[in-house]
>>> print(open('target-v4.cif').read())   # mmCIF, C-alpha atoms, pLDDT in the B column; chains and numbers go by the auth columns
data_model
loop_
_atom_site.group_PDB
_atom_site.id
_atom_site.type_symbol
_atom_site.label_atom_id
_atom_site.label_comp_id
_atom_site.label_asym_id
_atom_site.label_seq_id
_atom_site.Cartn_x
_atom_site.Cartn_y
_atom_site.Cartn_z
_atom_site.B_iso_or_equiv
_atom_site.auth_seq_id
_atom_site.auth_asym_id
ATOM 1 C CA MET A 1 -29.554 63.264 -0.742 56.00 694 A
ATOM 2 C CA VAL A 2 -32.746 61.235 -0.203 53.00 695 A
ATOM 3 C CA GLY A 3 -34.216 62.808 -3.341 56.00 696 A
ATOM 4 C CA LEU A 4 -31.180 61.836 -5.402 51.00 697 A
ATOM 5 C CA PHE A 5 -31.292 58.261 -4.083 50.00 698 A
ATOM 6 C CA SER A 6 -35.026 58.021 -4.915 51.00 699 A
ATOM 7 C CA LEU A 7 -34.388 59.307 -8.434 49.00 700 A
ATOM 8 C CA ILE A 8 -31.590 56.816 -9.032 50.00 701 A
ATOM 9 C CA ALA A 9 -33.618 53.909 -7.594 49.00 702 A
ATOM 10 C CA ALA A 10 -36.693 54.821 -9.628 49.00 703 A
ATOM 11 C CA SER A 11 -34.760 55.161 -12.869 49.00 704 A
ATOM 12 C CA SER A 12 -32.997 51.830 -12.355 48.00 705 A
ATOM 13 C CA LEU A 13 -36.342 50.099 -11.685 47.00 706 A
ATOM 14 C CA ALA A 14 -37.825 51.667 -14.790 47.00 707 A
ATOM 15 C CA ALA A 15 -34.837 50.618 -16.842 45.00 708 A
ATOM 16 C CA GLN A 16 -35.158 47.033 -15.625 50.00 709 A
ATOM 17 C CA SER A 17 -38.812 46.835 -16.619 51.00 710 A
ATOM 18 C CA LEU A 18 -38.172 47.801 -20.240 57.00 711 A
ATOM 19 C CA PRO A 19 -36.940 45.094 -22.602 59.00 712 A
ATOM 20 C CA MET A 20 -33.720 45.653 -24.462 66.00 713 A
ATOM 21 C CA PRO A 21 -34.130 46.268 -28.213 71.00 714 A
ATOM 22 C CA ASN A 22 -32.492 42.918 -29.026 75.00 715 A
ATOM 23 C CA THR A 23 -34.437 40.924 -26.389 73.00 716 A
ATOM 24 C CA LYS A 24 -36.091 37.816 -27.760 75.00 717 A
ATOM 25 C CA PRO A 25 -38.472 35.389 -26.023 70.00 718 A
ATOM 26 C CA ALA A 26 -37.030 32.220 -24.591 75.00 719 A
ATOM 27 C CA PRO A 27 -37.205 29.217 -26.927 80.00 720 A
ATOM 28 C CA GLY A 28 -40.726 27.860 -26.992 76.00 721 A
ATOM 29 C CA ASN A 29 -42.242 31.177 -25.896 72.00 722 A
ATOM 30 C CA GLU A 30 -42.131 32.958 -29.234 74.00 723 A
ATOM 31 C CA ILE A 31 -45.909 32.893 -29.583 74.00 724 A
ATOM 32 C CA ARG A 32 -48.084 34.187 -26.762 70.00 725 A
ATOM 33 C CA PRO A 33 -50.497 31.557 -25.456 65.00 726 A
ATOM 34 C CA ALA A 34 -54.161 31.964 -26.295 64.00 727 A
ATOM 35 C CA PRO A 35 -56.475 33.052 -23.482 62.00 728 A
ATOM 36 C CA PRO A 36 -58.352 30.239 -21.704 60.00 729 A
ATOM 37 C CA HIS A 37 -61.593 30.841 -23.605 58.00 730 A
ATOM 38 C CA GLN A 38 -59.759 29.995 -26.831 65.00 731 A
ATOM 39 C CA MET A 39 -58.155 26.828 -25.518 65.00 732 A
ATOM 40 C CA VAL A 40 -59.544 23.332 -25.163 67.00 733 A
ATOM 41 C CA TYR A 41 -58.619 21.624 -21.916 66.00 734 A
ATOM 42 C CA ARG A 42 -60.118 19.018 -19.626 70.00 735 A
ATOM 43 C CA PRO A 43 -62.532 20.491 -17.050 69.00 736 A
ATOM 44 C CA GLU A 44 -60.027 19.782 -14.268 72.00 737 A
ATOM 45 C CA VAL A 45 -57.629 22.203 -15.950 71.00 738 A
ATOM 46 C CA TYR A 46 -60.382 24.814 -16.311 72.00 739 A
ATOM 47 C CA TYR A 47 -60.997 24.446 -12.571 69.00 740 A
ATOM 48 C CA ARG A 48 -57.334 25.037 -11.801 73.00 741 A
ATOM 49 C CA LEU A 49 -57.206 28.044 -14.138 73.00 742 A
ATOM 50 C CA GLU A 50 -60.223 29.908 -12.778 71.00 743 A
ATOM 51 C CA CYS A 51 -61.452 28.360 -9.516 71.00 744 A
ATOM 52 C CA GLY A 52 -58.579 26.689 -7.713 68.00 745 A
ATOM 53 C CA GLY A 53 -56.779 29.916 -6.891 69.00 746 A
ATOM 54 C CA CYS A 54 -59.507 30.883 -4.439 73.00 747 A
ATOM 55 C CA HIS A 55 -61.418 27.678 -3.714 76.00 748 A
ATOM 56 C CA LEU A 56 -58.106 25.768 -3.640 66.00 749 A
ATOM 57 C CA GLY A 57 -57.187 22.758 -5.717 72.00 750 A
ATOM 58 C CA ASP A 58 -59.378 20.348 -3.782 80.00 751 A
ATOM 59 C CA GLY A 59 -62.313 22.747 -3.310 74.00 752 A
ATOM 60 C CA GLU A 60 -61.758 23.242 0.437 71.00 753 A
ATOM 61 C CA GLY A 61 -62.071 27.029 0.205 74.00 754 A
ATOM 62 C CA GLU A 62 -60.343 29.465 2.505 76.00 755 A
ATOM 63 C CA ARG A 63 -62.162 30.815 5.549 78.00 756 A
ATOM 64 C CA LYS A 64 -59.764 33.677 6.221 75.00 757 A
ATOM 65 C CA ASN A 65 -60.660 35.147 2.816 76.00 758 A
ATOM 66 C CA ASP A 66 -64.389 34.262 3.003 78.00 759 A
ATOM 67 C CA ILE A 67 -64.028 31.740 0.180 78.00 760 A
ATOM 68 C CA PRO A 68 -66.595 28.989 0.790 83.00 761 A
ATOM 69 C CA ARG A 69 -65.832 25.309 0.573 79.00 762 A
ATOM 70 C CA MET A 70 -67.125 23.640 -2.559 81.00 763 A
ATOM 71 C CA LYS A 71 -65.836 20.155 -1.732 88.00 764 A
ATOM 72 C CA ASP A 72 -68.665 17.841 -0.684 89.00 765 A
ATOM 73 C CA PHE A 73 -71.026 20.832 -0.489 88.00 766 A
ATOM 74 C CA VAL A 74 -71.548 22.658 -3.796 90.00 767 A
ATOM 75 C CA GLY A 75 -73.979 20.028 -5.129 93.00 768 A
ATOM 76 C CA HIS A 76 -76.497 20.936 -2.423 94.00 769 A
ATOM 77 C CA PHE A 77 -77.250 24.175 -4.262 94.00 770 A
ATOM 78 C CA LEU A 78 -78.984 22.098 -6.915 95.00 771 A
ATOM 79 C CA SER A 79 -81.516 20.842 -4.377 95.00 772 A
ATOM 80 C CA VAL A 80 -82.991 24.270 -3.585 95.00 773 A
ATOM 81 C CA GLU A 81 -84.898 26.794 -5.649 96.00 774 A
ATOM 82 C CA GLY A 82 -82.511 29.308 -7.201 96.00 775 A
ATOM 83 C CA GLY A 83 -79.415 27.224 -6.525 95.00 776 A
ATOM 84 C CA ARG A 84 -78.905 26.045 -10.085 96.00 777 A
ATOM 85 C CA GLU A 85 -78.944 29.638 -11.294 96.00 778 A
ATOM 86 C CA PHE A 86 -76.639 30.728 -8.461 95.00 779 A
ATOM 87 C CA LEU A 87 -73.829 28.399 -9.568 95.00 780 A
ATOM 88 C CA VAL A 88 -73.642 30.206 -12.909 95.00 781 A
ATOM 89 C CA GLN A 89 -74.511 33.725 -11.761 95.00 782 A
ATOM 90 C CA VAL A 90 -72.011 33.919 -8.909 90.00 783 A
ATOM 91 C CA PRO A 91 -69.259 36.341 -10.038 88.00 784 A
ATOM 92 C CA GLY A 92 -66.524 33.698 -10.222 86.00 785 A
ATOM 93 C CA SER A 93 -68.567 31.893 -12.864 88.00 786 A
ATOM 94 C CA ALA A 94 -70.433 34.727 -14.568 91.00 787 A
ATOM 95 C CA TYR A 95 -67.312 36.837 -15.067 90.00 788 A
ATOM 96 C CA SER A 96 -64.861 34.025 -15.789 87.00 789 A
ATOM 97 C CA SER A 97 -62.905 34.131 -19.017 85.00 790 A
ATOM 98 C CA PHE A 98 -64.477 30.934 -20.295 86.00 791 A
ATOM 99 C CA ALA A 99 -66.819 30.616 -23.228 89.00 792 A
ATOM 100 C CA ASP A 100 -70.329 29.465 -22.299 94.00 793 A
ATOM 101 C CA ASP A 101 -69.742 25.878 -23.434 92.00 794 A
ATOM 102 C CA GLN A 102 -66.519 25.706 -21.412 90.00 795 A
ATOM 103 C CA LEU A 103 -68.239 27.027 -18.289 92.00 796 A
ATOM 104 C CA ALA A 104 -71.071 24.523 -18.734 95.00 797 A
ATOM 105 C CA GLU A 105 -68.508 21.726 -19.064 92.00 798 A
ATOM 106 C CA LEU A 106 -66.648 22.948 -15.975 90.00 799 A
ATOM 107 C CA ILE A 107 -69.733 23.159 -13.748 93.00 800 A
ATOM 108 C CA ASN A 108 -70.925 19.776 -14.989 95.00 801 A
ATOM 109 C CA TRP A 109 -67.542 18.309 -14.049 90.00 802 A
ATOM 110 C CA ILE A 110 -67.607 19.978 -10.616 90.00 803 A
ATOM 111 C CA ILE A 111 -70.994 18.405 -9.926 93.00 804 A
ATOM 112 C CA THR A 112 -70.537 14.960 -11.476 92.00 805 A
ATOM 113 C CA ASP A 113 -66.868 14.015 -11.317 84.00 806 A
ATOM 114 C CA GLY A 114 -65.066 16.608 -9.319 77.00 807 A
ATOM 115 C CA ILE A 115 -65.520 18.746 -6.312 87.00 808 A
ATOM 116 C CA ALA A 116 -69.171 18.084 -5.334 87.00 809 A
ATOM 117 C CA GLY A 117 -68.322 14.621 -4.019 89.00 810 A
ATOM 118 C CA THR A 118 -70.881 13.522 -1.430 90.00 811 A
ATOM 119 C CA SER A 119 -73.155 16.484 -2.203 92.00 812 A
ATOM 120 C CA LYS A 120 -73.721 15.307 -5.770 92.00 813 A
ATOM 121 C CA PRO A 121 -77.474 15.063 -6.362 91.00 814 A
ATOM 122 C CA GLU A 122 -78.936 11.680 -7.314 90.00 815 A
ATOM 123 C CA GLU A 123 -80.349 13.189 -10.482 92.00 816 A
ATOM 124 C CA PHE A 124 -78.574 15.953 -12.330 93.00 817 A
ATOM 125 C CA THR A 125 -79.447 17.633 -15.589 96.00 818 A
ATOM 126 C CA PRO A 126 -76.197 18.880 -17.118 96.00 819 A
ATOM 127 C CA TYR A 127 -75.867 22.564 -17.892 97.00 820 A
ATOM 128 C CA THR A 128 -75.876 23.538 -21.555 97.00 821 A
ATOM 129 C CA ALA A 129 -74.023 26.395 -23.199 96.00 822 A
ATOM 130 C CA GLU A 130 -77.373 28.054 -23.957 98.00 823 A
ATOM 131 C CA GLU A 131 -78.496 27.877 -20.324 98.00 824 A
ATOM 132 C CA VAL A 132 -75.148 29.246 -19.135 97.00 825 A
ATOM 133 C CA ALA A 133 -75.322 32.127 -21.637 97.00 826 A
ATOM 134 C CA ALA A 134 -78.810 33.102 -20.452 97.00 827 A
ATOM 135 C CA LEU A 135 -77.839 32.958 -16.773 96.00 828 A
ATOM 136 C CA ARG A 136 -74.561 34.815 -17.257 93.00 829 A
ATOM 137 C CA ALA A 137 -76.500 37.660 -18.822 93.00 830 A
ATOM 138 C CA GLN A 138 -78.020 38.247 -15.357 90.00 831 A
ATOM 139 C CA PRO A 139 -75.086 38.105 -12.901 86.00 832 A
ATOM 140 C CA LEU A 140 -75.801 38.447 -9.192 88.00 833 A
ATOM 141 C CA GLY A 141 -75.611 41.854 -7.609 87.00 834 A
ATOM 142 C CA LYS A 142 -76.053 40.767 -3.992 90.00 835 A
ATOM 143 C CA VAL A 143 -74.080 37.556 -3.782 88.00 836 A
ATOM 144 C CA GLU A 144 -73.937 37.142 0.006 88.00 837 A
ATOM 145 C CA GLU A 145 -77.634 37.912 0.477 92.00 838 A
ATOM 146 C CA THR A 146 -78.620 35.477 -2.267 93.00 839 A
ATOM 147 C CA ARG A 147 -76.317 32.813 -0.863 91.00 840 A
ATOM 148 C CA ASP A 148 -77.748 33.248 2.633 90.00 841 A
ATOM 149 C CA VAL A 149 -81.287 32.749 1.275 94.00 842 A
ATOM 150 C CA LEU A 150 -80.155 29.565 -0.467 94.00 843 A
ATOM 151 C CA LEU A 151 -78.479 28.306 2.717 92.00 844 A
ATOM 152 C CA ASP A 152 -81.739 28.923 4.623 94.00 845 A
ATOM 153 C CA ARG A 153 -83.567 26.869 1.995 96.00 846 A
ATOM 154 C CA MET A 154 -81.031 24.082 2.519 93.00 847 A
ATOM 155 C CA ARG A 155 -81.550 24.201 6.280 93.00 848 A
ATOM 156 C CA ALA A 156 -85.308 23.952 5.725 95.00 849 A
ATOM 157 C CA LYS A 157 -84.591 20.667 3.908 94.00 850 A
ATOM 158 C CA ASP A 158 -82.339 19.487 6.770 92.00 851 A
ATOM 159 C CA ILE A 159 -79.179 19.836 4.701 90.00 852 A
ATOM 160 C CA ALA A 160 -76.203 20.446 6.970 86.00 853 A
ATOM 161 C CA ILE A 161 -74.201 23.505 6.015 85.00 854 A
ATOM 162 C CA HIS A 162 -70.551 22.506 5.695 81.00 855 A
ATOM 163 C CA ASP A 163 -69.248 25.389 3.629 78.00 856 A
ATOM 164 C CA GLY A 164 -66.283 26.348 5.801 76.00 857 A
ATOM 165 C CA LEU A 165 -67.772 29.708 6.789 76.00 858 A
ATOM 166 C CA LYS A 166 -68.883 28.749 10.296 65.00 859 A
ATOM 167 C CA ASP A 167 -69.704 32.230 11.562 57.00 860 A
ATOM 168 C CA ARG A 168 -71.948 33.063 8.628 56.00 861 A
ATOM 169 C CA PRO A 169 -75.714 32.570 8.911 50.00 862 A
#
>>> encode(input="target-v4.cif", output="structure tokens")
Amino acid sequence: MVGLFSLIAASSLAAQSLPMPNTKPAPGNEIRPAPPHQMVYRPEVYYRLECGGCHLGDGEGERKNDIPRMKDFVGHFLSVEGGREFLVQVPGSAYSSFADDQLAELINWIITDGIAGTSKPEEFTPYTAEEVAALRAQPLGKVEETRDVLLDRMRAKDIAIHDGLKDRP
């Protein structure tokens, strides 16, 4: 009896997942949207597409999932050796779906107009597509270890660590 019920339930689920031969997309959805790397949006939209799901819309991060805060903190990476590279080589950036120029634009926005807030450095050289391409070609293998080294460099410069991961070094 249980086997028969499982078979019926499985076949009805399978039938529901297959479109009917005459099924047509809803009006306005006839053409599939292009992937983000083929679209042109404002950097804020890029952030919401690729970053906001984990770092949250305002950059606060999420401690329970070990997602560090970017808000009012991410700009500090630019004040220590290796930090500029880290912002591009971290997997969320390096493996994002964006083209190099889009990723450069997004990180520049994060630092200058967006999430970095009070951590924005006084002087900032914007990322270029060429720089992003070169850095993405060498993504980080040991993200946490690299990040911890960068945080130690910040501490050595008396930069307070407010990344939302209080129990991390």
>>> closest_residue(input="target-v4.cif", among="A:Lys757, A:Arg741, A:Arg725, A:Lys764", to="Gly810 in chain A", atoms="only C-alpha atoms")
A:Lys764
>>> residues_around(input="target-v4.cif", residues="Gly775 in chain A", least_positions_apart="3", cutoff="12 Å", atoms="only C-alpha atoms", output="list in words")
His769, Phe770, Leu771, Ser772, Glu778, Phe779, Leu780, Val781, Gln782, Val783, Leu828, Leu833, Thr839, Arg840, Asp841, Val842, Leu843, Leu844, Asp845, Arg846 and Met847 of chain A
>>> residues_around(input="target-v4.cif", residues="Pro819 in chain A", least_positions_apart="2", cutoff="8 Å", atoms="all atoms listed in the file", output="mmCIF file with C-alpha atoms, in the coordinates of the input")
data_model
loop_
_atom_site.group_PDB
_atom_site.id
_atom_site.type_symbol
_atom_site.label_atom_id
_atom_site.label_comp_id
_atom_site.auth_asym_id
_atom_site.auth_seq_id
_atom_site.Cartn_x
_atom_site.Cartn_y
_atom_site.Cartn_z
ATOM 1 C CA ALA A 797 -71.071 24.523 -18.734
ATOM 2 C CA ASN A 801 -70.925 19.776 -14.989
ATOM 3 C CA PHE A 817 -78.574 15.953 -12.330
ATOM 4 C CA THR A 821 -75.876 23.538 -21.555
#
>>> axis_aligned_box(input="target-v4.cif", around="range 776-780 of chain A", padding_each_side="8 Å", output="lines of an AutoDock Vina configuration file")
center_x = -76.6
center_y = 28.4
center_z = -8.9
size_x = 21.6
size_y = 20.7
size_z = 20.8
>>> closest_residue(input="target-v4.cif", among="A:Ala719, A:Ala787, A:Val767, A:Leu796", to="Tyr739 in chain A", atoms="all atoms listed in the file")
A:Leu796
>>> atom_distance(input="target-v4.cif", atom1="CA of Val836 in chain A", atom2="CA of Pro784 in chain A")
8.0 Å
>>> atom_distance(input="target-v4.cif", atom1="CA of Glu816 in chain A", atom2="CA of Val738 in chain A")
25.0 Å
>>> atom_distance(input="target-v4.cif", atom1="CA of Arg756 in chain A", atom2="CA of Trp802 in chain A")
23.9 Å
>>> closest_residue(input="target-v4.cif", among="A:Glu837, A:Glu737, A:Glu824, A:Asp856", to="Asp765 in chain A", atoms="all atoms listed in the file")
A:Asp856
>>> closest_residue(input="target-v4.cif", among="A:Ala826, A:Ile854, A:Ile724, A:Cys747", to="Phe791 in chain A", atoms="only C-alpha atoms")
A:Ala826
>>> closest_residue(input="target-v4.cif", among="A:Pro761, A:Gly807, A:Pro814, A:Gly754", to="Val773 in chain A", atoms="all atoms listed in the file")
A:Pro814
>>> build_atoms(input="target-v4.cif", residues="range 789-805 of chain A", atoms="N, CA, C and O atoms", output="PDB file, in the coordinates of the input")
ATOM      1  N   SER A 789     -66.062  34.774 -15.421  1.00 87.00           N
ATOM      2  CA  SER A 789     -64.861  34.025 -15.789  1.00 87.00           C
ATOM      3  C   SER A 789     -64.538  34.268 -17.263  1.00 87.00           C
ATOM      4  O   SER A 789     -65.367  34.748 -18.031  1.00 87.00           O
ATOM      5  N   SER A 790     -63.343  33.908 -17.635  1.00 85.00           N
ATOM      6  CA  SER A 790     -62.905  34.131 -19.017  1.00 85.00           C
ATOM      7  C   SER A 790     -63.369  33.037 -19.969  1.00 85.00           C
ATOM      8  O   SER A 790     -63.083  33.099 -21.153  1.00 85.00           O
ATOM      9  N   PHE A 791     -64.077  32.059 -19.471  1.00 86.00           N
ATOM     10  CA  PHE A 791     -64.477  30.934 -20.295  1.00 86.00           C
ATOM     11  C   PHE A 791     -65.647  31.252 -21.211  1.00 86.00           C
ATOM     12  O   PHE A 791     -66.519  32.041 -20.878  1.00 86.00           O
ATOM     13  N   ALA A 792     -65.656  30.581 -22.339  1.00 89.00           N
ATOM     14  CA  ALA A 792     -66.819  30.616 -23.228  1.00 89.00           C
ATOM     15  C   ALA A 792     -67.943  29.849 -22.520  1.00 89.00           C
ATOM     16  O   ALA A 792     -67.702  29.063 -21.600  1.00 89.00           O
ATOM     17  N   ASP A 793     -69.174  30.081 -22.955  1.00 94.00           N
ATOM     18  CA  ASP A 793     -70.329  29.465 -22.299  1.00 94.00           C
ATOM     19  C   ASP A 793     -70.259  27.939 -22.299  1.00 94.00           C
ATOM     20  O   ASP A 793     -70.589  27.304 -21.296  1.00 94.00           O
ATOM     21  N   ASP A 794     -69.826  27.343 -23.395  1.00 92.00           N
ATOM     22  CA  ASP A 794     -69.742  25.878 -23.434  1.00 92.00           C
ATOM     23  C   ASP A 794     -68.666  25.360 -22.482  1.00 92.00           C
ATOM     24  O   ASP A 794     -68.827  24.319 -21.853  1.00 92.00           O
ATOM     25  N   GLN A 795     -67.568  26.104 -22.334  1.00 90.00           N
ATOM     26  CA  GLN A 795     -66.519  25.706 -21.412  1.00 90.00           C
ATOM     27  C   GLN A 795     -67.004  25.794 -19.965  1.00 90.00           C
ATOM     28  O   GLN A 795     -66.722  24.910 -19.151  1.00 90.00           O
ATOM     29  N   LEU A 796     -67.725  26.877 -19.650  1.00 92.00           N
ATOM     30  CA  LEU A 796     -68.239  27.027 -18.289  1.00 92.00           C
ATOM     31  C   LEU A 796     -69.260  25.942 -17.975  1.00 92.00           C
ATOM     32  O   LEU A 796     -69.258  25.380 -16.882  1.00 92.00           O
ATOM     33  N   ALA A 797     -70.108  25.611 -18.932  1.00 95.00           N
ATOM     34  CA  ALA A 797     -71.071  24.523 -18.734  1.00 95.00           C
ATOM     35  C   ALA A 797     -70.318  23.223 -18.456  1.00 95.00           C
ATOM     36  O   ALA A 797     -70.651  22.483 -17.516  1.00 95.00           O
ATOM     37  N   GLU A 798     -69.301  22.947 -19.248  1.00 92.00           N
ATOM     38  CA  GLU A 798     -68.508  21.726 -19.064  1.00 92.00           C
ATOM     39  C   GLU A 798     -67.839  21.713 -17.689  1.00 92.00           C
ATOM     40  O   GLU A 798     -67.810  20.685 -17.006  1.00 92.00           O
ATOM     41  N   LEU A 799     -67.313  22.850 -17.268  1.00 90.00           N
ATOM     42  CA  LEU A 799     -66.648  22.948 -15.975  1.00 90.00           C
ATOM     43  C   LEU A 799     -67.626  22.692 -14.827  1.00 90.00           C
ATOM     44  O   LEU A 799     -67.355  21.881 -13.940  1.00 90.00           O
ATOM     45  N   ILE A 800     -68.764  23.355 -14.839  1.00 93.00           N
ATOM     46  CA  ILE A 800     -69.733  23.159 -13.748  1.00 93.00           C
ATOM     47  C   ILE A 800     -70.245  21.729 -13.753  1.00 93.00           C
ATOM     48  O   ILE A 800     -70.401  21.116 -12.688  1.00 93.00           O
ATOM     49  N   ASN A 801     -70.487  21.174 -14.917  1.00 95.00           N
ATOM     50  CA  ASN A 801     -70.925  19.776 -14.989  1.00 95.00           C
ATOM     51  C   ASN A 801     -69.878  18.852 -14.372  1.00 95.00           C
ATOM     52  O   ASN A 801     -70.212  17.920 -13.646  1.00 95.00           O
ATOM     53  N   TRP A 802     -68.617  19.109 -14.643  1.00 90.00           N
ATOM     54  CA  TRP A 802     -67.542  18.309 -14.049  1.00 90.00           C
ATOM     55  C   TRP A 802     -67.514  18.479 -12.537  1.00 90.00           C
ATOM     56  O   TRP A 802     -67.386  17.502 -11.788  1.00 90.00           O
ATOM     57  N   ILE A 803     -67.616  19.721 -12.059  1.00 90.00           N
ATOM     58  CA  ILE A 803     -67.607  19.978 -10.616  1.00 90.00           C
ATOM     59  C   ILE A 803     -68.691  19.155  -9.928  1.00 90.00           C
ATOM     60  O   ILE A 803     -68.458  18.559  -8.880  1.00 90.00           O
ATOM     61  N   ILE A 804     -69.865  19.113 -10.538  1.00 93.00           N
ATOM     62  CA  ILE A 804     -70.994  18.405  -9.926  1.00 93.00           C
ATOM     63  C   ILE A 804     -70.862  16.893 -10.069  1.00 93.00           C
ATOM     64  O   ILE A 804     -71.108  16.148  -9.121  1.00 93.00           O
ATOM     65  N   THR A 805     -70.471  16.404 -11.233  1.00 92.00           N
ATOM     66  CA  THR A 805     -70.537  14.960 -11.476  1.00 92.00           C
ATOM     67  C   THR A 805     -69.256  14.189 -11.154  1.00 92.00           C
ATOM     68  O   THR A 805     -69.319  13.069 -10.674  1.00 92.00           O
TER      69      THR A 805
END
